[in-house]
Amino acid sequence: MGIDLRMPLGALFGVLGLLLTLYGAATRGQAGTEPTGVPINLIWGVVLFAFGLWMLWLARRARKASKM
Amino acid sequence: MTTLHWIDYAIMGLYFAFVLGIGAMLRRYVHTSEDFFLSGRSIPAWVTGLAFISANLGAQEVIGMGASGAKYGIATSHFYWVGAIPAMVFVGLFMMPFYYGSRARSVPEYLKLRFDEKTRGVNAVSFAVMTVFSSGISLYAMGKLLNLLLGWSFDASILVAGGIVLGYIFLGGLTSAIYNEVLQFFLIVFGFAPLVFLGLRDVGGWAGLSARLAGVATDNGFAAGAYTRSWAFMGSASANPVGVEWFGLVMGLGFVLSFGYWCTDFLVVQRAMAANSMTAARRTPLIAALPKMLFPFLVILPGMLALVVSSTAVRSTSVAAPAPAPAAAPAAAVASAAATATVAPSDPGAERREGIVPPKLDPRTGEPLRDARGRVVLDYDLATPMMLVHFFPAGLLGLGLTALLASFMSGMAGNVTAFNTVWTYDLYQSYIRKGAPDSHYLAMGRFATVFGVAVSIAAAYVAASFNNIMDFLQLVFAFVNAPLFATFALGMFWPRATGHGAFTGLVSGILAAAVHHGISLPAGAHVGVKGGYLGVMTTYPSELAQTFWTAIAAWVTCFVVTIVVSLLTRPRPAEQLHGLVYGLTPKPTDDVKRWYERPGPLALIVLTLTVALNLIFF
């Protein structure tokens, strides 16, 4: 139906991941940002970003396949 | 009270922009009422599958299952591995051919095609009432939570969340709801996974969690493994924290309630009806079952962890706390954690102190509530939210709260889309205005969306008084949904069942539920909303046990009455039942290539994994 859902999904998680990664990197080592001793913002930001890219890649591949 | 940083608001804002944006983008694809209510039956199976569980993954689930995890331990997984997966497999394999194949536009409409107008009517009305009510409970829970946790205004939280859900459904109809449900599904998974990771890391993994919960179990008078083994203590109701024995559990939850919900509730079935082919419709609940069986780790574990993580600041750099928080941990810590200034910091140190679950407060006095034995009652519904603010730093906290909001919205949107369809097709088109042009019903659908959200908001202000949202919803389902599966099972698999039989059976079943609830009472409860209003003739060890047995009574009554009345009334000729009843419908053929994509093998994979999970945590 019109829109491949993986596009908005990829876009949302791509941006969310980027935001979290940058914030995590910028606040690295500051008090209160790593309550459990794990740089969780940084790690999880990268995970979200990778997921977003994967979704976008899947959507692109599907669009190419349907054009052929 | 937790304060948020700009990054948290940025993440939330981004999410709101996306859900509304999806609605706006989909608006131009909505031309007919079928587009609005059934997505033009054009959605691929993986999308409908994820929407299928996401619509069910509302506040009741995320908050309620976390609460039950803190209350009952890993036995809460029965709501999944017993109370969901088998029914999801059944609806996909055996019932979807009739729902999808009959081209009915809703579950009540199937009843109309199979039985008669009055059977449809009773189902449509009760369903419509139930959906707006559930949606209201969900809103209420959200407003209360955001107020407690972040100090946000209750009214503003409800209006904004309701307004956003209204916005995207109004624009894009069911497709918009389904697309956003998939978005919400991934947000919930990504928002809660780090919580489980950090929580388990803090207590020393599953082994550490088990060791600490053993202490909680013995404190509460159970065997050491009662919170970490799902079946071992189900032999008698008094040996496990759930307060239910295995037969009531398997029959009441696993059979009657579970099949009544997953196989007949239009909220979930609607997602499968939107699928783009018969095979896709049948695969929808099966695809949904794969992540569903792993959800206990995502939503129950945070509740269990909340019971034992050390309440002293994890926010310092230390990671592993060597022992459970001592019983004499200062009550002031609880008070600040509970995010309210009203808790009296003078609680005696001998109180039951478990992890970070705050005490439940009396709304009038602000004092912690106490049970019959004088012990403080914990507010289990705050278990998961407390975990979020406890473990997540700014940034991730925004993501976690967004996930929480997403769960509220997906549950509410599921209810609203099911409501507007049943209202428009089954009530308005059937009883109020027949034969209008399609554009009229499309407009009515949009109007019903506004109306449904407005009533939900009103219902939110009515909802209250139960310790655990899940128990309450199970009770509502028990009255209305429990007899339903008997009606559908007989309708789909017994050609002799008649409309009069179905109607009488359904009404008797609902009455039986009310009567049974009226003559029974859970141990320690007061006569009233918890039961016993017709005179207490029997008591159950717990509220859940009472709910399960109420469901069993309703189901058996409906089953027997339907059969008896059907045999006394005139059957419909077989040629009118083609496509509606097993044996009079051609077997569906599969349009997928790979073997594991076919519904049969997929179902086998799902069931095998479920059995394995049950055995692992036996």
# chains A, B, ... in the order shown; residues from 1 in each chain; ligands from 1
call {"tool": "residues_around", "arguments": {"residues": "Gly17 in chain A", "least_positions_apart": "2", "cutoff": "10 Å", "atoms": "only C-alpha atoms", "output": "list in words"}}
result
Ala11, Leu12, Phe13, Gly14, Val15, Leu19, Leu20, Thr21, Leu22, Tyr23, Asn41, Leu42, Ile43, Trp44, Gly45, Val46, Val47, Leu48, Phe49, Ala50, Phe51, Gly52 and Leu53 of chain A; Ile11 of chain B
call {"tool": "closest_atom_pairs", "arguments": {"of": "chain B", "to": "chain A", "cutoff": "9 Å", "atoms": "only C-alpha atoms", "output": "CSV"}}
result
residue,atom,partner,partner_atom,distance
B:Ile7,CA,A:Tyr23,CA,7.8
B:Ala10,CA,A:Leu19,CA,8.9
B:Ile11,CA,A:Leu16,CA,6.7
B:Leu14,CA,A:Leu12,CA,7.7
B:Tyr15,CA,A:Leu12,CA,7.5
B:Phe18,CA,A:Leu12,CA,7.1
B:Ile22,CA,A:Pro8,CA,7.7
B:Met25,CA,A:Ile3,CA,8.2
B:Leu26,CA,A:Gly2,CA,7.6
B:Tyr29,CA,A:Gly2,CA,6.9
B:Ser39,CA,A:Met1,CA,7.9
B:Gly40,CA,A:Met1,CA,8.2
B:Ser42,CA,A:Met1,CA,6.0
B:Ile43,CA,A:Met1,CA,6.6
B:Val47,CA,A:Leu5,CA,8.2
B:Thr175,CA,A:Met1,CA,8.2
B:Tyr179,CA,A:Leu5,CA,6.6
B:Val182,CA,A:Leu9,CA,8.4
B:Leu183,CA,A:Leu9,CA,6.2
B:Phe186,CA,A:Leu9,CA,8.7
B:Leu187,CA,A:Phe13,CA,8.6
B:Phe190,CA,A:Leu48,CA,7.6
B:Pro194,CA,A:Trp44,CA,7.7
B:Leu198,CA,A:Thr36,CA,7.2
B:Arg201,CA,A:Thr36,CA,8.8
B:Asp202,CA,A:Thr36,CA,7.7
B:Ala313,CA,A:Pro35,CA,8.5
B:Val314,CA,A:Pro35,CA,5.8
B:Arg315,CA,A:Pro35,CA,3.9
B:Ser316,CA,A:Pro35,CA,5.8
B:Thr317,CA,A:Gly37,CA,5.5
B:Ser318,CA,A:Thr36,CA,6.9
B:Val319,CA,A:Thr36,CA,5.6
B:Ala320,CA,A:Thr36,CA,8.8
B:His390,CA,A:Pro35,CA,8.6
B:Phe391,CA,A:Pro35,CA,6.6
B:Phe392,CA,A:Pro35,CA,7.3
B:Pro393,CA,A:Thr33,CA,5.3
B:Ala394,CA,A:Thr33,CA,6.7
B:Gly395,CA,A:Leu20,CA,6.2
B:Leu396,CA,A:Asn41,CA,5.9
B:Leu399,CA,A:Leu16,CA,8.6
call {"tool": "residues_around", "arguments": {"residues": "Thr424 in chain B", "least_positions_apart": "3", "cutoff": "7 Å", "atoms": "only C-alpha atoms", "output": "list in words"}}
result
Asn420, Thr421, Leu427, Tyr428, Gln429, Tyr441, Met444 and Gly445 of chain B
call {"tool": "write_last_selection", "arguments": {"atoms": "N, CA and C atoms", "output": "mmCIF file, in the first residue's frame"}}
result
data_model
loop_
_atom_site.group_PDB
_atom_site.id
_atom_site.type_symbol
_atom_site.label_atom_id
_atom_site.label_comp_id
_atom_site.auth_asym_id
_atom_site.auth_seq_id
_atom_site.Cartn_x
_atom_site.Cartn_y
_atom_site.Cartn_z
ATOM 1 N N ASN B 420 -13.861 1.767 15.635
ATOM 2 C CA ASN B 420 -14.522 2.520 14.561
ATOM 3 C C ASN B 420 -15.061 1.600 13.471
ATOM 4 N N THR B 421 -14.383 0.455 13.253
ATOM 5 C CA THR B 421 -14.870 -0.480 12.246
ATOM 6 C C THR B 421 -16.162 -1.157 12.700
ATOM 7 N N LEU B 427 -22.769 -1.662 13.568
ATOM 8 C CA LEU B 427 -23.855 -0.992 14.286
ATOM 9 C C LEU B 427 -24.502 0.075 13.403
ATOM 10 N N TYR B 428 -23.706 0.994 12.899
ATOM 11 C CA TYR B 428 -24.284 2.101 12.128
ATOM 12 C C TYR B 428 -24.894 1.601 10.818
ATOM 13 N N GLN B 429 -24.100 0.860 10.028
ATOM 14 C CA GLN B 429 -24.601 0.403 8.734
ATOM 15 C C GLN B 429 -25.715 -0.628 8.883
ATOM 16 N N TYR B 441 -19.906 6.138 4.655
ATOM 17 C CA TYR B 441 -19.367 5.283 5.719
ATOM 18 C C TYR B 441 -17.907 5.635 6.024
ATOM 19 N N MET B 444 -18.194 8.487 8.252
ATOM 20 C CA MET B 444 -18.641 7.995 9.551
ATOM 21 C C MET B 444 -17.469 7.356 10.303
ATOM 22 N N GLY B 445 -16.595 6.643 9.582
ATOM 23 C CA GLY B 445 -15.426 6.023 10.211
ATOM 24 C C GLY B 445 -14.543 7.076 10.852
#
call {"tool": "atom_distance", "arguments": {"atom1": "CA of Ala232 in chain B", "atom2": "CA of Ile74 in chain B"}}
result
11.2 Å
call {"tool": "atom_distance", "arguments": {"atom1": "CA of Thr417 in chain B", "atom2": "CA of Ile85 in chain B"}}
result
23.7 Å
call {"tool": "closest_residue", "arguments": {"among": "B:Ala443, B:Val196, B:Ala70, B:Val244", "to": "Val357 in chain B", "atoms": "only C-alpha atoms"}}
result
B:Ala70
call {"tool": "residues_around", "arguments": {"residues": "Met234 in chain B", "least_positions_apart": "3", "cutoff": "6 Å", "atoms": "only C-alpha atoms", "output": "number ranges by chain"}}
result
B: 231, 245-246
call {"tool": "residues_around", "arguments": {"residues": "Leu521 in chain B", "least_positions_apart": "4", "cutoff": "6 Å", "atoms": "only C-alpha atoms", "output": "ChimeraX atom specification"}}
result
/B:531-532,539
call {"tool": "atom_distance", "arguments": {"atom1": "CA of Met88 in chain B", "atom2": "CA of Ala193 in chain B"}}
result
24.0 Å
call {"tool": "residues_around", "arguments": {"residues": "Leu511 in chain B", "least_positions_apart": "6", "cutoff": "10 Å", "atoms": "only C-alpha atoms", "output": "list in words"}}
result
Phe479, Val480, Pro483, Gly505, His517, Ala553, Ala554, Thr557 and Cys558 of chain B
call {"tool": "write_last_selection", "arguments": {"atoms": "N, CA and C atoms", "output": "CSV table (one decimal), in the first residue's frame"}}
result
chain,number,residue,atom,x,y,z
B,479,PHE,N,-15.9,-12.0,31.5
B,479,PHE,CA,-17.4,-11.9,31.3
B,479,PHE,C,-17.8,-11.9,29.8
B,480,VAL,N,-17.1,-11.1,29.0
B,480,VAL,CA,-17.5,-11.0,27.6
B,480,VAL,C,-16.9,-12.0,26.7
B,483,PRO,N,-17.2,-16.8,27.0
B,483,PRO,CA,-18.1,-17.7,26.3
B,483,PRO,C,-17.9,-17.6,24.8
B,505,GLY,N,-26.7,-19.4,23.8
B,505,GLY,CA,-25.5,-19.8,24.4
B,505,GLY,C,-24.7,-18.7,24.9
B,517,HIS,N,-19.1,-15.1,39.2
B,517,HIS,CA,-18.3,-14.0,39.9
B,517,HIS,C,-19.0,-13.5,41.1
B,553,ALA,N,-16.5,-21.5,33.8
B,553,ALA,CA,-18.0,-21.6,34.0
B,553,ALA,C,-18.7,-21.0,32.8
B,554,ALA,N,-18.3,-19.8,32.3
B,554,ALA,CA,-18.9,-19.2,31.2
B,554,ALA,C,-18.8,-20.0,29.9
B,557,THR,N,-21.0,-23.3,30.1
B,557,THR,CA,-22.4,-22.9,29.9
B,557,THR,C,-22.7,-22.6,28.5
B,558,CYS,N,-21.9,-21.8,27.9
B,558,CYS,CA,-22.2,-21.4,26.5
B,558,CYS,C,-22.1,-22.6,25.6
call {"tool": "residues_around", "arguments": {"residues": "Ser407 in chain B", "least_positions_apart": "3", "cutoff": "8 Å", "atoms": "only C-alpha atoms", "output": "list in words"}}
result
Ser54, Leu57, Gly58, Ala59, Val62, Gln184, Phe185, Ile188, Ala403, Leu404, Ser410 and Gly411 of chain B
call {"tool": "write_last_selection", "arguments": {"atoms": "N, CA and C atoms", "output": "mmCIF file, in the first residue's frame"}}
result
data_model
loop_
_atom_site.group_PDB
_atom_site.id
_atom_site.type_symbol
_atom_site.label_atom_id
_atom_site.label_comp_id
_atom_site.auth_asym_id
_atom_site.auth_seq_id
_atom_site.Cartn_x
_atom_site.Cartn_y
_atom_site.Cartn_z
ATOM 1 N N SER B 54 1.714 -5.949 18.336
ATOM 2 C CA SER B 54 1.896 -4.598 18.843
ATOM 3 C C SER B 54 0.575 -4.009 19.322
ATOM 4 N N LEU B 57 0.142 -5.134 22.543
ATOM 5 C CA LEU B 57 1.236 -4.744 23.441
ATOM 6 C C LEU B 57 0.978 -3.358 24.005
ATOM 7 N N GLY B 58 -0.169 -3.190 24.624
ATOM 8 C CA GLY B 58 -0.493 -1.876 25.177
ATOM 9 C C GLY B 58 0.052 -1.714 26.573
ATOM 10 N N ALA B 59 -0.498 -0.746 27.255
ATOM 11 C CA ALA B 59 -0.068 -0.468 28.618
ATOM 12 C C ALA B 59 -0.285 -1.683 29.506
ATOM 13 N N VAL B 62 2.902 -4.002 28.937
ATOM 14 C CA VAL B 62 4.227 -3.581 29.383
ATOM 15 C C VAL B 62 4.232 -3.297 30.889
ATOM 16 N N GLN B 184 6.118 1.147 16.647
ATOM 17 C CA GLN B 184 6.033 1.063 18.100
ATOM 18 C C GLN B 184 6.615 -0.250 18.597
ATOM 19 N N PHE B 185 6.376 -1.320 17.829
ATOM 20 C CA PHE B 185 6.931 -2.619 18.206
ATOM 21 C C PHE B 185 8.450 -2.535 18.337
ATOM 22 N N ILE B 188 9.556 -0.417 21.305
ATOM 23 C CA ILE B 188 9.414 -1.097 22.588
ATOM 24 C C ILE B 188 10.559 -2.098 22.775
ATOM 25 N N ALA B 403 9.424 4.496 24.386
ATOM 26 C CA ALA B 403 8.931 3.132 24.215
ATOM 27 C C ALA B 403 7.664 2.920 25.035
ATOM 28 N N LEU B 404 7.674 3.456 26.245
ATOM 29 C CA LEU B 404 6.499 3.343 27.112
ATOM 30 C C LEU B 404 5.305 4.053 26.472
ATOM 31 N N SER B 410 0.072 2.306 20.922
ATOM 32 C CA SER B 410 -0.270 1.186 20.044
ATOM 33 C C SER B 410 -1.493 0.462 20.584
ATOM 34 N N GLY B 411 -1.556 0.309 21.902
ATOM 35 C CA GLY B 411 -2.721 -0.354 22.477
ATOM 36 C C GLY B 411 -3.976 0.458 22.256
#
